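What follows is one structure encoded as structure tokens, with my remarks underneath.
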Amino acid sequence: MSFKSDIEIAQECKLKPISEIAAKAGIPEEYIEQYGRYKAKIDYNFLETVKERPNAKLVLVTAITPTPAGEGKTTTTVGLSDGLRRIGKNSIVALREPSLGPVFGVKGGAAGGGYAQVVPMEDINLHFTGDMHAIGAANNLLAAMLDNHIFQGNALGIDSRRITWRRAVDMNDRQLRNITDGLGGRVNGFPREDGFEITVASEVMAILCLSKDIIDLKERCARIIVGYTRDEEPVTAGQLKAEGAMAALLKDALKPNLVQTLEGTPAFIHGGPFANIAHGCNSIMATRMAMKLGDYVVTEAGFGGDLGAEKFFDIKCRMAGLSPDAVVIVATVRALKHHGGVAKQDLGAENIAALEKGLPNLLQHVENMTKVFGLPAVVAINRFPTDTEAELQLIEAKCRELGVNVALSEVWGKGGEGGRALAQEVVRLCEEKNSFNQSYALDISIQEKLNSIATKIYRADGTELSPEAKKQAERLEALGFGNLPICMAKTQYSFSDDAKLPGAPKGFKITVRSLKVSAGAGFIVALTGDIMTMPGLPRIPSAEKIDVDAGGKISGLF
């Protein structure tokens with residue numbers, strides 16, 4: 001049996017003009033800025049006009065620890081929102097923007113799949129409305145002003161060996177991780193070691209996603225620490241007088257983007273991929289806008305529940321004052337068998353023993369959502385044709401032992417119709433009382449916060465800080481940053497910091513090799529294991545399969 005590719009399905013869809021989608025969402029015409037016929041930005045001033053409206057129910061979609069077998073988190077998010085509309089609920093979906101790095105790398109785009117996609121899929125996965133370019137430009141403007149300040153006499157006494165601000169490009173380019181620049185003589189700058197991060201790992205991305213308005217964004221930009229003086233005092237973007245120009249570059253990028261699903265459900269897509277090295281959630285502004293327009297808002301957070309969901313609750317919800325109503329945990333039988341040790345080529349065969357061995361990964365995510373964060377949850381099984389009844393029944397039985405229901409999700413092949421059962425369970429859960437809370441308090445030490453995440457969420461025996469990280473923790477607390485939340489930069493492939501430990505490992509510690517304050521974003525980044533903020537391309541990148549014909553039609557995107 002042959003299946004249509006995601007891009008073929010998307011290109012066959014007859015899209016509605018974005019003005020119709022905005023009208024369906026209840027957005028007045030004067031707040032719509034169209035980017036062609038099928039995508040638009042919504043003026044953030046619109047939020048002021050609807051601030052007195054009640055908030056929608058907020059549903060977070062997360063997943064088990066990812067494997068090469070796939071989980072379908074974005075697909076489920078889109079299909080669930082369409083499914084809610086199928087049962088008569090006014091739902092809106094709020095997603096993160098894709099990064100060009102994974103689009104051309106190995107992971108592909110982030111617009112969903114099958115018959116549960118957001119469209120225009122090609123635009124969303126490529127340049128979209130230019131937000132990533134604006135973020136990169138603001139990041140690199142600050143880098144240029146920093147090096148120019150040093151070149152022009154260095155009045156602030158910046159120690160060029162202690163510069164923490166790096167340049168950014170939205171591409172997987174390992175060649176740029178560590179560079180030496182400023183070579184070629186005095187007129188070409190001051191030679192120093194430097195490097196690039198992928199744009200989505202830039203603090204500017206986090207600032208865009210966490211700002212409540214343009215003034216807040218400008219103030220956050222001013223607080224960015226770019227490096228330290230010879231006396232070890234922090235130097236900020238505000239001292240370089242960069243925040244105004246940065247905010248000017250980001251003014252339009254701050255406006256949430258509106259598109260549609262294949263079934264015409266309004267979809268906000270704005271900011272925030274990469275929950276392994278960033279906080280991995282879409283913008284507060286887009287989420288708030290969606291919550292004032294619908295009765296149910298379905299949003300997602302990157303990678304598994306140990307990364308995206310933890311940061312959604314501990315960083316985004318804390319800063320925005322959001323209180324979610326329910327959680328959907330996406331899993332596949334195939335991925336769970338992979339956690340149980342089955343090779344990718346053998347995942348289609350029934351294997352109860354391997355499934356049972358892999359199930360603890362799912363169950364640990366379930367316990368984290370329900371017991372650590374205190375939220376009602378449902379497990380959504382993204383069904384494949386090879387899944388057997390025995391395998392599905394085993395998952396259902398184990399989840400019921402934890403008091404959590406399982407709903408089959410068939411949105412990939414059936415769209416919103418395949419999400420009805422999941423939608424009905426989500427509506428039921430949203431009416432339950434919950435005891436939502438974060439996994440740590442802000443008034444404890446940096447080390448205690450790290451330990452709390454490691455022991456409660458990862459089930460580690462604790463954390464080990466490198467000598468450098470210990471010094472950094474002491475210094476950050478002395479500078480007054482000890483009360484900030486933590487953004488863990490950790491492999492997405494394991495609860496541990498070792499990508500080769502699948503399932504639900506025990507008897508390990510999380511190694512924190514470095515700590516860095518993102519003072520503008522308002523959190524401390526903890527780099528663990530061998531995680532990097534600039535990925536590389538695989539042996540055979542997805543870019544090799546992407547093409548465009550004489551008529552401008554793109555192929556090979558997924």
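In the structure tokens, the first chain shown is A, the next is B, and so on; residue numbers restart at 1 for each chain, and ligands run from 1 in the order shown.
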
Query - Who sits within 8 Å of range 93-101 of chain A, only C-alpha atoms, same chain under 2 positions skipped, as a PyMOL selection string - result: chain A and resi 74+77-78+81+91+103-105+109-111+124-126+132+170-172+198+200+265-273+280-283+286-287+290+297-301+535

Query raised in the report: In range 143-361 of chain A, what's strand (DSSP E or B) per DSSP? Answer as a PyMOL selection string?
Result: chain A and resi 158-163+167-169+179-181+192-194+196-198+225-229+234-236+257-261+266-269+281+296-301+326-331

Please report as JSON lines every residue of range 240-343 of chain A lying within 12 Å of range 501-504 of chain A, along with the nearest atom pair and their distance in Å (one decimal), using only C-alpha atoms.
{"residue": "A:Asp306", "atom": "CA", "partner": "A:Ala504", "partner_atom": "CA", "distance": 11.4}
{"residue": "A:Ala335", "atom": "CA", "partner": "A:Gly503", "partner_atom": "CA", "distance": 10.2}
{"residue": "A:Leu336", "atom": "CA", "partner": "A:Gly503", "partner_atom": "CA", "distance": 8.2}
{"residue": "A:Lys337", "atom": "CA", "partner": "A:Gly503", "partner_atom": "CA", "distance": 9.6}
{"residue": "A:His338", "atom": "CA", "partner": "A:Pro502", "partner_atom": "CA", "distance": 8.5}
{"residue": "A:His339", "atom": "CA", "partner": "A:Gly503", "partner_atom": "CA", "distance": 4.9}
{"residue": "A:Gly340", "atom": "CA", "partner": "A:Gly503", "partner_atom": "CA", "distance": 6.8}
{"residue": "A:Gly341", "atom": "CA", "partner": "A:Pro502", "partner_atom": "CA", "distance": 8.5}
{"residue": "A:Val342", "atom": "CA", "partner": "A:Pro502", "partner_atom": "CA", "distance": 11.4}

**Report entry** Of the listed residues A:Leu307, A:Val406, A:Ile284, A:Pro54, that which approaches Gln424 in chain A most closely, counting only C-alpha atoms
**Finding:** A:Val406

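For the atom pair formed by CA of Ser160 in chain A and CA of Lys218 in chain A, the distance is 25.4 Å, given to one decimal.
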
DSSP on the backbone: which residues in range 128-301 of chain A end up as alpha helix (DSSP H)? Give the answer as a short mmCIF file (atom, residue, chain, number, x, y, z; two decimals) with all heavy atoms, in the first residue's frame.
data_model
loop_
_atom_site.label_atom_id
_atom_site.label_comp_id
_atom_site.auth_asym_id
_atom_site.auth_seq_id
_atom_site.Cartn_x
_atom_site.Cartn_y
_atom_site.Cartn_z
N ASP A 131 10.30 35.58 11.01
CA ASP A 131 10.61 35.74 12.44
C ASP A 131 12.03 35.29 12.77
O ASP A 131 12.76 35.96 13.52
CB ASP A 131 9.62 34.95 13.30
CG ASP A 131 8.22 35.50 13.24
OD1 ASP A 131 8.04 36.63 12.75
OD2 ASP A 131 7.28 34.80 13.68
N MET A 132 12.43 34.12 12.25
CA MET A 132 13.76 33.59 12.57
C MET A 132 14.85 34.53 12.06
O MET A 132 15.88 34.73 12.73
CB MET A 132 13.95 32.21 11.95
CG MET A 132 13.05 31.15 12.51
SD MET A 132 13.43 30.79 14.25
CE MET A 132 12.18 29.54 14.57
N HIS A 133 14.65 35.11 10.89
CA HIS A 133 15.64 36.03 10.34
C HIS A 133 15.75 37.27 11.21
O HIS A 133 16.85 37.79 11.44
CB HIS A 133 15.26 36.42 8.91
CG HIS A 133 15.16 35.25 7.98
ND1 HIS A 133 16.20 34.40 7.75
CD2 HIS A 133 14.13 34.78 7.25
CE1 HIS A 133 15.83 33.46 6.90
NE2 HIS A 133 14.56 33.67 6.58
N ALA A 134 14.61 37.76 11.71
CA ALA A 134 14.63 38.95 12.58
C ALA A 134 15.36 38.66 13.89
O ALA A 134 16.13 39.48 14.38
CB ALA A 134 13.20 39.40 12.86
N ILE A 135 15.11 37.46 14.44
CA ILE A 135 15.78 37.07 15.69
C ILE A 135 17.28 36.97 15.47
O ILE A 135 18.09 37.47 16.27
CB ILE A 135 15.19 35.75 16.22
CG1 ILE A 135 13.76 35.97 16.70
CG2 ILE A 135 16.05 35.18 17.35
CD1 ILE A 135 12.97 34.69 16.88
N GLY A 136 17.69 36.33 14.36
CA GLY A 136 19.11 36.23 14.05
C GLY A 136 19.74 37.59 13.83
O GLY A 136 20.86 37.85 14.28
N ALA A 137 19.01 38.50 13.17
CA ALA A 137 19.54 39.84 12.91
C ALA A 137 19.74 40.60 14.22
O ALA A 137 20.76 41.29 14.41
CB ALA A 137 18.61 40.60 11.99
N ALA A 138 18.77 40.50 15.13
CA ALA A 138 18.89 41.19 16.42
C ALA A 138 20.05 40.62 17.23
O ALA A 138 20.82 41.36 17.87
CB ALA A 138 17.58 41.09 17.20
N ASN A 139 20.18 39.30 17.22
CA ASN A 139 21.28 38.63 17.91
C ASN A 139 22.63 39.12 17.37
O ASN A 139 23.54 39.48 18.13
CB ASN A 139 21.16 37.12 17.73
CG ASN A 139 22.24 36.33 18.46
OD1 ASN A 139 21.99 35.75 19.52
ND2 ASN A 139 23.44 36.28 17.92
N ASN A 140 22.75 39.17 16.05
CA ASN A 140 24.03 39.50 15.44
C ASN A 140 24.32 40.99 15.46
O ASN A 140 25.49 41.40 15.44
CB ASN A 140 24.08 38.94 14.02
CG ASN A 140 24.06 37.42 14.02
OD1 ASN A 140 24.46 36.79 14.99
ND2 ASN A 140 23.58 36.82 12.94
N LEU A 141 23.28 41.82 15.52
CA LEU A 141 23.49 43.25 15.74
C LEU A 141 24.17 43.47 17.08
O LEU A 141 25.13 44.24 17.19
CB LEU A 141 22.16 44.00 15.70
CG LEU A 141 22.21 45.47 16.17
CD1 LEU A 141 23.07 46.32 15.24
CD2 LEU A 141 20.81 46.05 16.29
N LEU A 142 23.67 42.78 18.11
CA LEU A 142 24.28 42.91 19.43
C LEU A 142 25.74 42.44 19.41
O LEU A 142 26.62 43.08 20.01
CB LEU A 142 23.47 42.12 20.46
CG LEU A 142 23.99 42.12 21.90
CD1 LEU A 142 24.18 43.55 22.42
CD2 LEU A 142 23.05 41.34 22.81
N ALA A 143 26.01 41.32 18.71
CA ALA A 143 27.38 40.83 18.61
C ALA A 143 28.27 41.86 17.91
O ALA A 143 29.41 42.11 18.34
CB ALA A 143 27.40 39.50 17.84
N ALA A 144 27.76 42.48 16.84
CA ALA A 144 28.55 43.48 16.11
C ALA A 144 28.81 44.71 16.98
O ALA A 144 29.92 45.26 16.97
CB ALA A 144 27.81 43.88 14.84
N MET A 145 27.79 45.16 17.74
CA MET A 145 27.97 46.33 18.61
C MET A 145 28.94 46.03 19.74
O MET A 145 29.71 46.91 20.15
CB MET A 145 26.62 46.78 19.15
CG MET A 145 25.71 47.37 18.08
SD MET A 145 24.11 47.94 18.71
CE MET A 145 24.60 49.41 19.63
N LEU A 146 28.93 44.79 20.22
CA LEU A 146 29.86 44.38 21.28
C LEU A 146 31.30 44.45 20.78
O LEU A 146 32.18 45.07 21.43
CB LEU A 146 29.51 42.97 21.74
CG LEU A 146 30.51 42.23 22.62
CD1 LEU A 146 30.73 42.96 23.93
CD2 LEU A 146 30.02 40.81 22.88
N ASP A 147 31.57 43.83 19.63
CA ASP A 147 32.94 43.84 19.12
C ASP A 147 33.36 45.23 18.67
O ASP A 147 34.54 45.60 18.79
CB ASP A 147 33.07 42.83 17.97
CG ASP A 147 33.20 41.40 18.48
OD1 ASP A 147 34.03 41.17 19.37
OD2 ASP A 147 32.46 40.52 18.02
N ASN A 148 32.41 46.02 18.17
CA ASN A 148 32.74 47.39 17.78
C ASN A 148 33.12 48.23 19.00
O ASN A 148 34.02 49.06 18.94
CB ASN A 148 31.55 48.03 17.06
CG ASN A 148 31.86 49.44 16.60
OD1 ASN A 148 32.73 49.66 15.78
ND2 ASN A 148 31.14 50.42 17.15
N HIS A 149 32.42 47.99 20.13
CA HIS A 149 32.75 48.72 21.36
C HIS A 149 34.19 48.44 21.78
O HIS A 149 34.93 49.37 22.15
CB HIS A 149 31.79 48.32 22.47
CG HIS A 149 32.07 48.99 23.78
ND1 HIS A 149 31.55 50.21 24.13
CD2 HIS A 149 32.86 48.60 24.82
CE1 HIS A 149 31.99 50.55 25.33
NE2 HIS A 149 32.79 49.59 25.78
N ILE A 150 34.59 47.18 21.70
CA ILE A 150 35.96 46.83 22.06
C ILE A 150 36.94 47.48 21.09
O ILE A 150 37.96 48.06 21.49
CB ILE A 150 36.12 45.29 22.08
CG1 ILE A 150 35.27 44.69 23.20
CG2 ILE A 150 37.59 44.90 22.26
CD1 ILE A 150 35.18 43.17 23.16
N PHE A 151 36.63 47.43 19.79
CA PHE A 151 37.50 48.00 18.76
C PHE A 151 37.66 49.51 18.94
O PHE A 151 38.74 50.07 18.73
CB PHE A 151 36.92 47.69 17.38
CG PHE A 151 37.68 48.29 16.24
CD1 PHE A 151 38.88 47.72 15.81
CD2 PHE A 151 37.22 49.44 15.58
CE1 PHE A 151 39.58 48.28 14.76
CE2 PHE A 151 37.92 50.00 14.54
CZ PHE A 151 39.11 49.42 14.11
N GLU A 203 19.31 33.61 23.11
CA GLU A 203 18.49 34.20 24.17
C GLU A 203 17.44 35.14 23.59
O GLU A 203 16.37 35.32 24.17
CB GLU A 203 19.38 34.95 25.16
CG GLU A 203 18.61 35.50 26.35
CD GLU A 203 19.48 36.23 27.37
OE1 GLU A 203 20.73 36.16 27.26
OE2 GLU A 203 18.90 36.88 28.27
N VAL A 204 17.72 35.70 22.41
CA VAL A 204 16.74 36.59 21.78
C VAL A 204 15.46 35.83 21.44
O VAL A 204 14.35 36.36 21.56
CB VAL A 204 17.34 37.25 20.52
CG1 VAL A 204 16.31 38.15 19.84
CG2 VAL A 204 18.58 38.05 20.87
N MET A 205 15.60 34.56 21.03
CA MET A 205 14.42 33.74 20.78
C MET A 205 13.59 33.59 22.06
O MET A 205 12.37 33.77 22.05
CB MET A 205 14.82 32.36 20.26
CG MET A 205 13.70 31.32 20.28
SD MET A 205 12.33 31.71 19.19
CE MET A 205 13.01 31.15 17.64
N ALA A 206 14.25 33.27 23.16
CA ALA A 206 13.54 33.11 24.43
C ALA A 206 12.87 34.41 24.85
O ALA A 206 11.74 34.41 25.35
CB ALA A 206 14.50 32.62 25.51
N ILE A 207 13.57 35.52 24.65
CA ILE A 207 13.00 36.83 25.00
C ILE A 207 11.74 37.11 24.19
O ILE A 207 10.71 37.55 24.73
CB ILE A 207 14.05 37.94 24.79
CG1 ILE A 207 15.11 37.88 25.91
CG2 ILE A 207 13.41 39.33 24.74
CD1 ILE A 207 16.30 38.78 25.70
N LEU A 208 11.79 36.84 22.88
CA LEU A 208 10.62 37.04 22.03
C LEU A 208 9.44 36.21 22.55
O LEU A 208 8.30 36.68 22.60
CB LEU A 208 10.94 36.64 20.59
CG LEU A 208 9.78 36.83 19.61
CD1 LEU A 208 9.92 38.15 18.87
CD2 LEU A 208 9.70 35.69 18.61
N CYS A 209 9.72 34.97 22.96
CA CYS A 209 8.65 34.07 23.38
C CYS A 209 8.09 34.41 24.76
O CYS A 209 6.95 34.08 25.06
CB CYS A 209 9.15 32.62 23.38
SG CYS A 209 9.45 31.97 21.73
N LEU A 210 8.89 35.03 25.60
CA LEU A 210 8.48 35.27 26.99
C LEU A 210 8.06 36.72 27.26
O LEU A 210 7.63 37.04 28.37
CB LEU A 210 9.62 34.88 27.94
CG LEU A 210 9.96 33.39 27.96
CD1 LEU A 210 11.26 33.13 28.73
CD2 LEU A 210 8.83 32.57 28.57
N ILE A 214 5.89 44.93 23.64
CA ILE A 214 7.11 45.47 23.03
C ILE A 214 8.01 46.15 24.06
O ILE A 214 9.25 46.07 23.99
CB ILE A 214 6.78 46.42 21.87
CG1 ILE A 214 8.04 46.81 21.09
CG2 ILE A 214 6.03 47.65 22.35
CD1 ILE A 214 8.64 45.71 20.27
N ILE A 215 7.43 46.81 25.06
CA ILE A 215 8.24 47.46 26.10
C ILE A 215 8.95 46.42 26.95
O ILE A 215 10.14 46.55 27.27
CB ILE A 215 7.37 48.39 26.98
CG1 ILE A 215 6.72 49.49 26.11
CG2 ILE A 215 8.21 49.00 28.09
CD1 ILE A 215 7.72 50.35 25.33
N ASP A 216 8.23 45.35 27.30
CA ASP A 216 8.83 44.26 28.05
C ASP A 216 9.97 43.64 27.25
O ASP A 216 11.05 43.34 27.80
CB ASP A 216 7.76 43.20 28.37
CG ASP A 216 8.26 42.09 29.27
OD1 ASP A 216 9.16 42.35 30.10
OD2 ASP A 216 7.79 40.95 29.14
N LEU A 217 9.77 43.47 25.94
CA LEU A 217 10.81 42.91 25.09
C LEU A 217 12.06 43.80 25.10
O LEU A 217 13.19 43.31 25.23
CB LEU A 217 10.28 42.75 23.66
CG LEU A 217 11.26 42.18 22.63
CD1 LEU A 217 10.55 41.22 21.68
CD2 LEU A 217 11.93 43.29 21.81
N LYS A 218 11.86 45.10 24.98
CA LYS A 218 13.00 46.03 24.97
C LYS A 218 13.75 46.00 26.30
O LYS A 218 14.99 45.99 26.33
CB LYS A 218 12.51 47.44 24.65
CG LYS A 218 13.62 48.45 24.48
CD LYS A 218 13.16 49.70 23.76
CE LYS A 218 12.08 50.45 24.51
NZ LYS A 218 11.74 51.73 23.86
N GLU A 219 13.00 45.95 27.40
CA GLU A 219 13.64 45.90 28.72
C GLU A 219 14.40 44.60 28.92
O GLU A 219 15.48 44.58 29.52
CB GLU A 219 12.58 46.06 29.81
CG GLU A 219 11.99 47.47 29.86
CD GLU A 219 10.80 47.59 30.79
OE1 GLU A 219 10.30 46.53 31.26
OE2 GLU A 219 10.34 48.73 31.03
N ARG A 220 13.84 43.50 28.41
CA ARG A 220 14.54 42.21 28.50
C ARG A 220 15.83 42.21 27.67
O ARG A 220 16.86 41.68 28.10
CB ARG A 220 13.62 41.07 28.05
CG ARG A 220 12.52 40.72 29.04
CD ARG A 220 11.57 39.69 28.46
NE ARG A 220 10.54 39.28 29.40
CZ ARG A 220 10.65 38.28 30.27
NH1 ARG A 220 11.77 37.59 30.33
NH2 ARG A 220 9.66 37.97 31.08
N CYS A 221 15.75 42.80 26.46
CA CYS A 221 16.95 42.90 25.64
C CYS A 221 18.05 43.68 26.36
O CYS A 221 19.23 43.33 26.30
CB CYS A 221 16.63 43.56 24.30
SG CYS A 221 15.74 42.50 23.13
N ALA A 222 17.66 44.74 27.05
CA ALA A 222 18.65 45.56 27.78
C ALA A 222 19.35 44.76 28.87
O ALA A 222 20.50 45.03 29.21
CB ALA A 222 17.97 46.79 28.37
N ARG A 223 18.66 43.75 29.43
CA ARG A 223 19.23 42.98 30.54
C ARG A 223 20.16 41.86 30.09
O ARG A 223 20.80 41.20 30.93
CB ARG A 223 18.10 42.38 31.40
CG ARG A 223 17.28 43.44 32.14
CD ARG A 223 16.51 42.82 33.29
NE ARG A 223 15.52 41.85 32.88
CZ ARG A 223 14.23 42.13 32.63
NH1 ARG A 223 13.81 43.39 32.71
NH2 ARG A 223 13.38 41.19 32.28
N GLU A 243 19.52 47.95 22.98
CA GLU A 243 18.17 47.40 23.12
C GLU A 243 17.13 48.05 22.20
O GLU A 243 16.22 47.39 21.69
CB GLU A 243 17.69 47.46 24.57
CG GLU A 243 17.34 48.85 25.11
CD GLU A 243 18.53 49.60 25.69
OE1 GLU A 243 19.69 49.27 25.33
OE2 GLU A 243 18.30 50.52 26.49
N GLY A 244 17.26 49.35 21.95
CA GLY A 244 16.29 50.02 21.09
C GLY A 244 16.34 49.50 19.67
O GLY A 244 15.31 49.20 19.06
N ALA A 245 17.54 49.38 19.12
CA ALA A 245 17.70 48.89 17.75
C ALA A 245 17.28 47.43 17.66
O ALA A 245 16.67 47.00 16.67
CB ALA A 245 19.14 49.07 17.29
N MET A 246 17.60 46.64 18.68
CA MET A 246 17.18 45.23 18.69
C MET A 246 15.67 45.12 18.68
O MET A 246 15.09 44.33 17.92
CB MET A 246 17.76 44.51 19.91
CG MET A 246 19.27 44.33 19.89
SD MET A 246 19.89 43.61 21.43
CE MET A 246 19.30 41.92 21.28
N ALA A 247 15.02 45.94 19.50
CA ALA A 247 13.55 45.91 19.56
C ALA A 247 12.94 46.36 18.23
O ALA A 247 11.91 45.83 17.81
CB ALA A 247 13.06 46.79 20.70
N ALA A 248 13.60 47.30 17.55
CA ALA A 248 13.11 47.74 16.25
C ALA A 248 13.14 46.60 15.24
O ALA A 248 12.22 46.43 14.43
CB ALA A 248 13.94 48.92 15.75
N LEU A 249 14.20 45.80 15.29
CA LEU A 249 14.30 44.64 14.40
C LEU A 249 13.25 43.58 14.73
O LEU A 249 12.81 42.83 13.86
CB LEU A 249 15.69 44.01 14.50
CG LEU A 249 16.82 44.72 13.76
CD1 LEU A 249 18.17 44.12 14.14
CD2 LEU A 249 16.63 44.65 12.25
N LEU A 250 12.86 43.51 16.01
CA LEU A 250 11.95 42.45 16.47
C LEU A 250 10.49 42.89 16.54
O LEU A 250 9.62 42.08 16.89
CB LEU A 250 12.40 41.99 17.87
CG LEU A 250 13.77 41.31 17.93
CD1 LEU A 250 14.25 41.19 19.38
CD2 LEU A 250 13.74 39.94 17.27
N ILE A 284 4.34 33.39 24.68
CA ILE A 284 3.30 33.74 25.64
C ILE A 284 2.22 34.56 24.95
O ILE A 284 1.02 34.37 25.19
CB ILE A 284 3.90 34.51 26.83
CG1 ILE A 284 4.68 33.56 27.75
CG2 ILE A 284 2.82 35.26 27.61
CD1 ILE A 284 5.42 34.25 28.87
N MET A 285 2.62 35.46 24.07
CA MET A 285 1.66 36.34 23.40
C MET A 285 0.70 35.54 22.53
O MET A 285 -0.52 35.77 22.53
CB MET A 285 2.40 37.38 22.57
CG MET A 285 1.54 38.53 22.12
SD MET A 285 2.53 39.91 21.54
CE MET A 285 3.15 40.56 23.08
N ALA A 286 1.22 34.55 21.78
CA ALA A 286 0.35 33.72 20.93
C ALA A 286 -0.59 32.87 21.78
O ALA A 286 -1.77 32.72 21.45
CB ALA A 286 1.20 32.84 20.02
N THR A 287 -0.07 32.30 22.86
CA THR A 287 -0.91 31.47 23.73
C THR A 287 -2.01 32.30 24.36
O THR A 287 -3.19 31.89 24.39
CB THR A 287 -0.05 30.82 24.84
OG1 THR A 287 0.99 30.05 24.23
CG2 THR A 287 -0.89 29.91 25.72
N ARG A 288 -1.67 33.49 24.85
CA ARG A 288 -2.69 34.36 25.47
C ARG A 288 -3.74 34.78 24.45
O ARG A 288 -4.94 34.83 24.75
CB ARG A 288 -2.01 35.59 26.07
CG ARG A 288 -1.37 35.33 27.43
CD ARG A 288 -0.78 36.59 28.00
NE ARG A 288 -0.38 36.40 29.39
CZ ARG A 288 0.56 37.11 30.00
NH1 ARG A 288 1.20 38.05 29.33
NH2 ARG A 288 0.88 36.89 31.25
N MET A 289 -3.29 35.10 23.22
CA MET A 289 -4.24 35.51 22.19
C MET A 289 -5.20 34.37 21.89
O MET A 289 -6.42 34.58 21.79
CB MET A 289 -3.47 35.93 20.93
CG MET A 289 -4.25 36.85 20.02
SD MET A 289 -3.22 37.50 18.66
CE MET A 289 -2.37 38.85 19.49
N ALA A 290 -4.67 33.16 21.75
CA ALA A 290 -5.51 32.00 21.47
C ALA A 290 -6.50 31.77 22.61
O ALA A 290 -7.68 31.45 22.38
CB ALA A 290 -4.64 30.77 21.26
N MET A 291 -6.05 31.97 23.85
CA MET A 291 -6.89 31.70 25.01
C MET A 291 -8.02 32.72 25.16
O MET A 291 -8.98 32.47 25.90
CB MET A 291 -6.04 31.66 26.29
CG MET A 291 -5.14 30.43 26.37
SD MET A 291 -4.10 30.40 27.85
CE MET A 291 -5.32 30.06 29.13
N LYS A 292 -7.91 33.85 24.50
CA LYS A 292 -8.99 34.84 24.52
C LYS A 292 -9.97 34.66 23.36
O LYS A 292 -11.00 35.32 23.31
CB LYS A 292 -8.41 36.26 24.49
CG LYS A 292 -7.58 36.63 25.71
CD LYS A 292 -8.40 36.59 27.00
CE LYS A 292 -7.59 37.02 28.21
NZ LYS A 292 -8.38 36.91 29.48
N LEU A 293 -9.62 33.77 22.43
CA LEU A 293 -10.44 33.61 21.22
C LEU A 293 -11.20 32.28 21.17
O LEU A 293 -12.21 32.18 20.48
CB LEU A 293 -9.56 33.73 19.97
CG LEU A 293 -8.94 35.11 19.73
CD1 LEU A 293 -7.91 35.04 18.63
CD2 LEU A 293 -10.02 36.12 19.39
#

Query - Contacts of Asp498 in chain A at 10 Å (only C-alpha atoms; same-chain gap of 2+ positions) as a PyMOL selection string - result: chain A and resi 490-496+500-502+508+510-511+528-531

Per residue of range 41-105 of chain A within 12 Å of range 362-369 of chain A, record the nearest atom pair and its distance in Å to one decimal, counting only C-alpha atoms, with rows in chain order and ascending residue number, as CSV.
residue,atom,partner,partner_atom,distance
A:Leu60,CA,A:Met369,CA,10.4
A:Val61,CA,A:Met369,CA,11.0
A:Thr62,CA,A:His365,CA,9.2
A:Ala63,CA,A:His365,CA,7.9
A:Ile64,CA,A:Leu362,CA,5.6
A:Thr65,CA,A:Leu362,CA,7.9
A:Pro66,CA,A:Leu362,CA,10.7
A:Glu71,CA,A:Leu362,CA,11.6

Report task. Would you work out the distance separating CA of Pro538 in chain A from CA of Ser5 in chain A, expressed in Å to one decimal? Result ->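 Going from CA of Pro538 in chain A over to CA of Ser5 in chain A covers 21.7 Å.
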
Query raised in the report: Which residue out of A:Asn451, A:Asn276, A:Thr76, A:Gln393 has the minimum interatomic distance to Ala423 in chain A when only C-alpha atoms are used?
Result: A:Thr76

**Report entry** Residue with smallest distance to Gly556 in chain A - pool A:Asp295, A:Arg192, A:Asp6, A:Glu52, counting only C-alpha atoms
**Finding:**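 That would be A:Asp6, the residue with the smallest distance to Gly556 in chain A.
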
Report task. Between CA of Ala390 in chain A and CA of Leu347 in chain A, measure the distance and give it in Å to one decimal. Result ->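 Here the two named atoms are 14.8 Å from each other.
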